[in-house]
file structure-v8.tsv (TSV, N, CA and C atoms)
chain	number	residue	atom	x	y	z
A	1	MET	N	12.32	15.91	5.40
A	1	MET	CA	11.27	14.94	5.63
A	1	MET	C	11.40	13.83	4.58
A	2	THR	N	11.39	12.59	5.02
A	2	THR	CA	11.53	11.44	4.14
A	2	THR	C	10.22	11.17	3.42
A	3	LEU	N	10.32	10.83	2.15
A	3	LEU	CA	9.15	10.52	1.33
A	3	LEU	C	9.09	9.02	1.07
A	4	PHE	N	7.89	8.44	1.25
A	4	PHE	CA	7.63	7.05	0.91
A	4	PHE	C	6.50	7.03	-0.11
A	5	LYS	N	6.70	6.27	-1.20
A	5	LYS	CA	5.68	6.16	-2.24
A	5	LYS	C	5.14	4.74	-2.29
A	6	PHE	N	3.83	4.65	-2.49
A	6	PHE	CA	3.15	3.36	-2.52
A	6	PHE	C	2.20	3.29	-3.70
A	7	LYS	N	1.97	2.07	-4.19
A	7	LYS	CA	0.93	1.80	-5.17
A	7	LYS	C	0.04	0.71	-4.60
A	8	LEU	N	-1.25	0.91	-4.72
A	8	LEU	CA	-2.23	-0.09	-4.29
A	8	LEU	C	-2.98	-0.57	-5.51
A	9	TYR	N	-2.83	-1.86	-5.83
A	9	TYR	CA	-3.54	-2.45	-6.96
A	9	TYR	C	-4.83	-3.07	-6.45
A	10	ILE	N	-5.94	-2.69	-7.10
A	10	ILE	CA	-7.26	-3.19	-6.71
A	10	ILE	C	-7.98	-3.71	-7.96
A	11	THR	N	-9.11	-4.36	-7.72
A	11	THR	CA	-9.97	-4.82	-8.80
A	11	THR	C	-11.31	-4.13	-8.67
A	12	ASN	N	-11.52	-3.14	-9.52
A	12	ASN	CA	-12.77	-2.41	-9.56
A	12	ASN	C	-13.11	-1.86	-8.17
A	13	LYS	N	-14.37	-1.78	-7.85
A	13	LYS	CA	-14.80	-1.27	-6.55
A	13	LYS	C	-15.42	-2.39	-5.73
A	14	SER	N	-14.78	-3.56	-5.74
A	14	SER	CA	-15.27	-4.69	-4.98
A	14	SER	C	-15.19	-4.38	-3.49
A	15	PRO	N	-15.98	-5.05	-2.65
A	15	PRO	CA	-15.90	-4.82	-1.21
A	15	PRO	C	-14.49	-5.01	-0.66
A	16	LYS	N	-13.78	-6.02	-1.15
A	16	LYS	CA	-12.41	-6.27	-0.69
A	16	LYS	C	-11.49	-5.11	-1.09
A	17	SER	N	-11.69	-4.58	-2.28
A	17	SER	CA	-10.88	-3.44	-2.74
A	17	SER	C	-11.17	-2.19	-1.93
A	18	LEU	N	-12.44	-1.93	-1.67
A	18	LEU	CA	-12.81	-0.76	-0.87
A	18	LEU	C	-12.25	-0.86	0.54
A	19	GLN	N	-12.27	-2.07	1.11
A	19	GLN	CA	-11.69	-2.29	2.44
A	19	GLN	C	-10.18	-2.04	2.40
A	20	ALA	N	-9.52	-2.53	1.37
A	20	ALA	CA	-8.07	-2.33	1.24
A	20	ALA	C	-7.73	-0.85	1.13
A	21	ILE	N	-8.50	-0.10	0.36
A	21	ILE	CA	-8.26	1.34	0.22
A	21	ILE	C	-8.35	2.03	1.58
A	22	THR	N	-9.39	1.72	2.33
A	22	THR	CA	-9.57	2.31	3.66
A	22	THR	C	-8.43	1.95	4.59
A	23	GLU	N	-8.05	0.65	4.61
A	23	GLU	CA	-6.99	0.20	5.51
A	23	GLU	C	-5.65	0.85	5.16
A	24	VAL	N	-5.33	0.91	3.88
A	24	VAL	CA	-4.04	1.49	3.47
A	24	VAL	C	-4.01	2.99	3.75
A	25	LYS	N	-5.09	3.69	3.45
A	25	LYS	CA	-5.12	5.13	3.76
A	25	LYS	C	-4.97	5.36	5.26
A	26	ASP	N	-5.63	4.55	6.08
A	26	ASP	CA	-5.51	4.67	7.53
A	26	ASP	C	-4.08	4.39	7.99
A	27	LEU	N	-3.47	3.36	7.42
A	27	LEU	CA	-2.09	3.01	7.77
A	27	LEU	C	-1.14	4.16	7.42
A	28	LEU	N	-1.26	4.69	6.20
A	28	LEU	CA	-0.36	5.76	5.77
A	28	LEU	C	-0.56	7.03	6.59
A	29	LYS	N	-1.80	7.33	6.94
A	29	LYS	CA	-2.08	8.49	7.80
A	29	LYS	C	-1.43	8.28	9.17
A	30	ASN	N	-1.55	7.07	9.69
A	30	ASN	CA	-0.99	6.74	11.00
A	30	ASN	C	0.53	6.91	11.01
A	31	ILE	N	1.21	6.34	10.02
A	31	ILE	CA	2.67	6.43	10.04
A	31	ILE	C	3.16	7.84	9.72
A	32	SER	N	2.39	8.58	8.92
A	32	SER	CA	2.76	9.97	8.63
A	32	SER	C	2.66	10.84	9.88
A	33	MET	N	1.63	10.61	10.67
A	33	MET	CA	1.41	11.40	11.88
A	33	MET	C	2.40	11.06	12.98
A	34	ASN	N	2.90	9.82	13.02
A	34	ASN	CA	3.73	9.36	14.12
A	34	ASN	C	5.22	9.27	13.78
A	35	ASN	N	5.58	9.68	12.58
A	35	ASN	CA	6.97	9.67	12.13
A	35	ASN	C	7.18	10.92	11.29
A	36	LYS	N	8.40	11.31	11.13
A	36	LYS	CA	8.67	12.50	10.32
A	36	LYS	C	8.83	12.09	8.87
A	37	ILE	N	7.70	11.65	8.28
A	37	ILE	CA	7.71	11.19	6.90
A	37	ILE	C	6.49	11.72	6.16
A	38	LYS	N	6.60	11.70	4.85
A	38	LYS	CA	5.49	12.03	3.98
A	38	LYS	C	5.20	10.78	3.14
A	39	THR	N	3.92	10.51	2.88
A	39	THR	CA	3.56	9.35	2.07
A	39	THR	C	2.74	9.79	0.86
A	40	GLU	N	2.93	9.07	-0.23
A	40	GLU	CA	2.12	9.26	-1.44
A	40	GLU	C	1.54	7.91	-1.81
A	41	LEU	N	0.28	7.90	-2.22
A	41	LEU	CA	-0.40	6.67	-2.60
A	41	LEU	C	-1.02	6.83	-3.97
A	42	LYS	N	-0.72	5.89	-4.85
A	42	LYS	CA	-1.38	5.81	-6.16
A	42	LYS	C	-2.23	4.54	-6.14
A	43	ILE	N	-3.52	4.70	-6.44
A	43	ILE	CA	-4.42	3.55	-6.50
A	43	ILE	C	-4.61	3.18	-7.96
A	44	VAL	N	-4.36	1.90	-8.27
A	44	VAL	CA	-4.42	1.42	-9.64
A	44	VAL	C	-5.50	0.33	-9.74
A	45	ASP	N	-6.54	0.61	-10.53
A	45	ASP	CA	-7.57	-0.39	-10.80
A	45	ASP	C	-7.08	-1.22	-12.00
A	46	ILE	N	-6.78	-2.48	-11.76
A	46	ILE	CA	-6.17	-3.29	-12.83
A	46	ILE	C	-7.11	-3.52	-14.01
A	47	LEU	N	-8.41	-3.33	-13.80
A	47	LEU	CA	-9.36	-3.51	-14.91
A	47	LEU	C	-9.42	-2.28	-15.80
A	48	LYS	N	-8.89	-1.16	-15.33
A	48	LYS	CA	-8.95	0.09	-16.09
A	48	LYS	C	-7.57	0.59	-16.51
A	49	GLU	N	-6.53	0.00	-15.99
A	49	GLU	CA	-5.17	0.51	-16.22
A	49	GLU	C	-4.63	0.04	-17.56
A	50	GLU	N	-4.29	0.99	-18.40
A	50	GLU	CA	-3.77	0.68	-19.73
A	50	GLU	C	-2.32	0.22	-19.69
A	51	GLU	N	-1.57	0.56	-18.61
A	51	GLU	CA	-0.18	0.13	-18.49
A	51	GLU	C	-0.06	-1.38	-18.39
A	52	LEU	N	-1.04	-1.99	-17.78
A	52	LEU	CA	-1.00	-3.44	-17.58
A	52	LEU	C	-1.35	-4.14	-18.88
A	53	ASN	N	-0.76	-5.28	-19.09
A	53	ASN	CA	-1.11	-6.06	-20.28
A	53	ASN	C	-1.39	-7.49	-19.88
A	54	GLU	N	-1.74	-8.30	-20.84
A	54	GLU	CA	-2.15	-9.67	-20.55
A	54	GLU	C	-1.01	-10.52	-19.99
A	55	ASN	N	0.22	-10.06	-20.06
A	55	ASN	CA	1.35	-10.81	-19.53
A	55	ASN	C	1.60	-10.56	-18.05
A	56	TRP	N	0.92	-9.58	-17.47
A	56	TRP	CA	1.09	-9.28	-16.06
A	56	TRP	C	0.24	-10.22	-15.22
A	57	LEU	N	0.78	-10.68	-14.14
A	57	LEU	CA	0.02	-11.44	-13.16
A	57	LEU	C	-0.07	-10.55	-11.93
A	58	VAL	N	-1.27	-10.09	-11.63
A	58	VAL	CA	-1.46	-9.19	-10.50
A	58	VAL	C	-2.47	-9.80	-9.54
A	59	VAL	N	-2.07	-9.90	-8.29
A	59	VAL	CA	-2.94	-10.36	-7.23
A	59	VAL	C	-3.50	-9.12	-6.55
A	60	THR	N	-4.80	-9.07	-6.32
A	60	THR	CA	-5.37	-7.90	-5.66
A	60	THR	C	-6.10	-8.32	-4.40
A	61	PRO	N	-6.14	-7.44	-3.43
A	61	PRO	CA	-5.41	-6.19	-3.38
A	61	PRO	C	-3.92	-6.45	-3.11
A	62	MET	N	-3.08	-5.59	-3.69
A	62	MET	CA	-1.64	-5.68	-3.52
A	62	MET	C	-1.10	-4.27	-3.27
A	63	LEU	N	-0.31	-4.14	-2.21
A	63	LEU	CA	0.32	-2.86	-1.87
A	63	LEU	C	1.81	-2.98	-2.14
A	64	ILE	N	2.36	-2.02	-2.87
A	64	ILE	CA	3.78	-2.02	-3.19
A	64	ILE	C	4.41	-0.73	-2.66
A	65	LYS	N	5.49	-0.89	-1.90
A	65	LYS	CA	6.30	0.28	-1.54
A	65	LYS	C	7.27	0.46	-2.69
A	66	THR	N	7.10	1.56	-3.43
A	66	THR	CA	7.92	1.77	-4.61
A	66	THR	C	9.14	2.65	-4.35
A	67	PHE	N	9.09	3.47	-3.29
A	67	PHE	CA	10.20	4.35	-2.96
A	67	PHE	C	10.20	4.61	-1.48
A	68	PRO	N	11.32	4.59	-0.83
A	68	PRO	CA	12.65	4.33	-1.35
A	68	PRO	C	12.88	2.83	-1.59
A	69	PRO	N	13.88	2.52	-2.44
A	69	PRO	CA	14.20	1.11	-2.69
A	69	PRO	C	14.64	0.43	-1.40
A	70	PRO	N	14.54	-0.88	-1.32
A	70	PRO	CA	14.06	-1.78	-2.36
A	70	PRO	C	12.53	-1.84	-2.38
A	71	GLU	N	12.00	-2.18	-3.54
A	71	GLU	CA	10.56	-2.35	-3.68
A	71	GLU	C	10.11	-3.55	-2.87
A	72	LYS	N	9.00	-3.40	-2.15
A	72	LYS	CA	8.43	-4.50	-1.35
A	72	LYS	C	6.95	-4.61	-1.65
A	73	ARG	N	6.42	-5.85	-1.64
A	73	ARG	CA	5.01	-6.11	-1.95
A	73	ARG	C	4.32	-6.87	-0.83
A	74	VAL	N	3.07	-6.50	-0.60
A	74	VAL	CA	2.23	-7.18	0.38
A	74	VAL	C	0.88	-7.44	-0.29
A	75	PHE	N	0.33	-8.63	-0.08
A	75	PHE	CA	-0.93	-9.03	-0.70
A	75	PHE	C	-2.00	-9.27	0.36
A	76	GLY	N	-3.25	-8.97	0.00
A	76	GLY	CA	-4.39	-9.39	0.82
A	76	GLY	C	-4.88	-8.40	1.84
A	77	ASP	N	-4.79	-8.78	3.11
A	77	ASP	CA	-5.38	-8.02	4.22
A	77	ASP	C	-4.33	-7.11	4.83
A	78	PHE	N	-4.67	-5.83	4.95
A	78	PHE	CA	-3.73	-4.85	5.50
A	78	PHE	C	-4.17	-4.34	6.87
A	79	SER	N	-5.12	-5.01	7.50
A	79	SER	CA	-5.70	-4.52	8.75
A	79	SER	C	-4.72	-4.59	9.93
A	80	ASN	N	-3.76	-5.51	9.88
A	80	ASN	CA	-2.75	-5.59	10.93
A	80	ASN	C	-1.61	-4.67	10.51
A	81	PHE	N	-1.66	-3.42	10.98
A	81	PHE	CA	-0.70	-2.40	10.55
A	81	PHE	C	0.74	-2.81	10.85
A	82	GLU	N	0.98	-3.36	12.03
A	82	GLU	CA	2.35	-3.75	12.41
A	82	GLU	C	2.90	-4.80	11.45
A	83	GLN	N	2.12	-5.82	11.16
A	83	GLN	CA	2.56	-6.88	10.25
A	83	GLN	C	2.77	-6.33	8.84
A	84	THR	N	1.87	-5.47	8.39
A	84	THR	CA	2.01	-4.88	7.06
A	84	THR	C	3.30	-4.07	6.95
A	85	LEU	N	3.61	-3.28	7.97
A	85	LEU	CA	4.85	-2.50	7.95
A	85	LEU	C	6.08	-3.41	7.92
A	86	ILE	N	6.06	-4.47	8.69
A	86	ILE	CA	7.19	-5.40	8.70
A	86	ILE	C	7.39	-6.01	7.32
A	87	LEU	N	6.30	-6.44	6.68
A	87	LEU	CA	6.40	-7.04	5.35
A	87	LEU	C	6.86	-6.05	4.30
A	88	LEU	N	6.59	-4.76	4.52
A	88	LEU	CA	7.05	-3.73	3.60
A	88	LEU	C	8.48	-3.27	3.90
A	89	GLY	N	9.09	-3.87	4.92
A	89	GLY	CA	10.43	-3.48	5.30
A	89	GLY	C	10.47	-2.19	6.10
A	90	LEU	N	9.35	-1.84	6.71
A	90	LEU	CA	9.22	-0.59	7.46
A	90	LEU	C	8.88	-0.83	8.93
A	91	GLY	N	9.32	-1.95	9.45
A	91	GLY	CA	8.98	-2.32	10.83
A	91	GLY	C	9.51	-1.39	11.88
A	92	ASP	N	10.47	-0.51	11.51
A	92	ASP	CA	11.03	0.43	12.48
A	92	ASP	C	10.20	1.70	12.63
A	93	LEU	N	9.17	1.87	11.80
A	93	LEU	CA	8.31	3.05	11.92
A	93	LEU	C	7.37	2.91	13.10
A	94	LYS	N	7.05	4.04	13.73
A	94	LYS	CA	6.17	4.05	14.90
A	94	LYS	C	4.72	4.09	14.46
A	95	LEU	N	3.89	3.36	15.22
A	95	LEU	CA	2.44	3.40	15.03
A	95	LEU	C	1.79	4.07	16.22
A	96	GLY	N	0.73	4.83	15.97
A	96	GLY	CA	-0.04	5.43	17.05
A	96	GLY	C	-1.09	4.46	17.51
A	97	GLU	N	-1.87	4.91	18.47
A	97	GLU	CA	-2.95	4.07	19.01
A	97	GLU	C	-4.09	3.93	18.05

call {"tool": "encode", "arguments": {"input": "structure-v8.tsv", "output": "structure tokens"}}
result
Amino acid sequence: MTLFKFKLYITNKSPKSLQAITEVKDLLKNISMNNKIKTELKIVDILKEEELNENWLVVTPMLIKTFPPPEKRVFGDFSNFEQTLILLGLGDLKLGE
């Protein structure tokens, strides 16, 4: 079974961040159920993350496919699952209804 890893960068618990969390979780559940893959999601709150420093420029919400390479990034609205997958380089994955 193929593993895909993702990071979702958010800003606190803003309405836009909460919407992004829901959309990304729904997307990953959908592609996991309709393809022979496993997904992992790490949610990073940029206001609480010690790894980030003042030199980082982070747009939120931002979803990054970290594995397998190459790394791909998508910003903003993730509600269009097909478009989000294409931007992540995963346009060949099947989506359910």

call {"tool": "closest_residue", "arguments": {"input": "structure-v8.tsv", "among": "A:Met33, A:Leu47, A:Val58, A:Leu27", "to": "Phe81 in chain A", "atoms": "all atoms listed in the file"}}
result
A:Leu27

call {"tool": "closest_residue", "arguments": {"input": "structure-v8.tsv", "among": "A:Leu87, A:Val59, A:Ile43, A:Leu28", "to": "Lys72 in chain A", "atoms": "only N, CA and C atoms"}}
result
A:Leu87

call {"tool": "select_by_dssp", "arguments": {"input": "structure-v8.tsv", "residues": "chain A", "states": "alpha helix (DSSP H)", "output": "PyMOL selection string"}}
result
chain A and resi 15-34+81-87

call {"tool": "residues_around", "arguments": {"input": "structure-v8.tsv", "residues": "Lys94 in chain A", "least_positions_apart": "4", "cutoff": "7 Å", "atoms": "all atoms listed in the file", "output": "NGL selection string"}}
result
:A and (30-31 or 34-35)

call {"tool": "atom_distance", "arguments": {"input": "structure-v8.tsv", "atom1": "CA of Lys42 in chain A", "atom2": "atom N of Phe6 in chain A"}}
result
6.5 Å

call {"tool": "residues_around", "arguments": {"input": "structure-v8.tsv", "residues": "Leu8 in chain A", "least_positions_apart": "2", "cutoff": "6.5 Å", "atoms": "all atoms listed in the file", "output": "ChimeraX atom specification"}}
result
/A:6,10,41-45,61-64

call {"tool": "atom_distance", "arguments": {"input": "structure-v8.tsv", "atom1": "CA of Gly91 in chain A", "atom2": "CA of Pro15 in chain A"}}
result
27.8 Å

call {"tool": "closest_residue", "arguments": {"input": "structure-v8.tsv", "among": "A:Leu95, A:Ser14, A:Thr39, A:Ala20", "to": "Gly76 in chain A", "atoms": "only N, CA and C atoms"}}
result
A:Ala20

call {"tool": "closest_residue", "arguments": {"input": "structure-v8.tsv", "among": "A:Ile86, A:Phe4, A:Glu71, A:Thr11", "to": "Ser32 in chain A", "atoms": "only C-alpha atoms"}}
result
A:Phe4

call {"tool": "closest_residue", "arguments": {"input": "structure-v8.tsv", "among": "A:Glu49, A:Glu40, A:Glu82, A:Asp92", "to": "Leu3 in chain A", "atoms": "all atoms listed in the file"}}
result
A:Glu40

call {"tool": "closest_residue", "arguments": {"input": "structure-v8.tsv", "among": "A:Lys65, A:Ser79, A:Asp26, A:Gly89", "to": "Lys7 in chain A", "atoms": "all atoms listed in the file"}}
result
A:Lys65

call {"tool": "atom_distance", "arguments": {"input": "structure-v8.tsv", "atom1": "atom C of Thr66 in chain A", "atom2": "atom C of Lys25 in chain A"}}
result
17.3 Å

call {"tool": "select_by_dssp", "arguments": {"input": "structure-v8.tsv", "residues": "chain A", "states": "strand (DSSP E)", "output": "list in words"}}
result
Thr2, Leu3, Phe4, Lys5, Phe6, Lys7, Leu8, Tyr9, Ile10, Ile37, Lys38, Thr39, Glu40, Leu41, Lys42, Ile43, Val44, Asp45, Met62, Leu63, Ile64, Lys65, Thr66, Phe67, Lys72, Arg73, Val74 and Phe75 of chain A
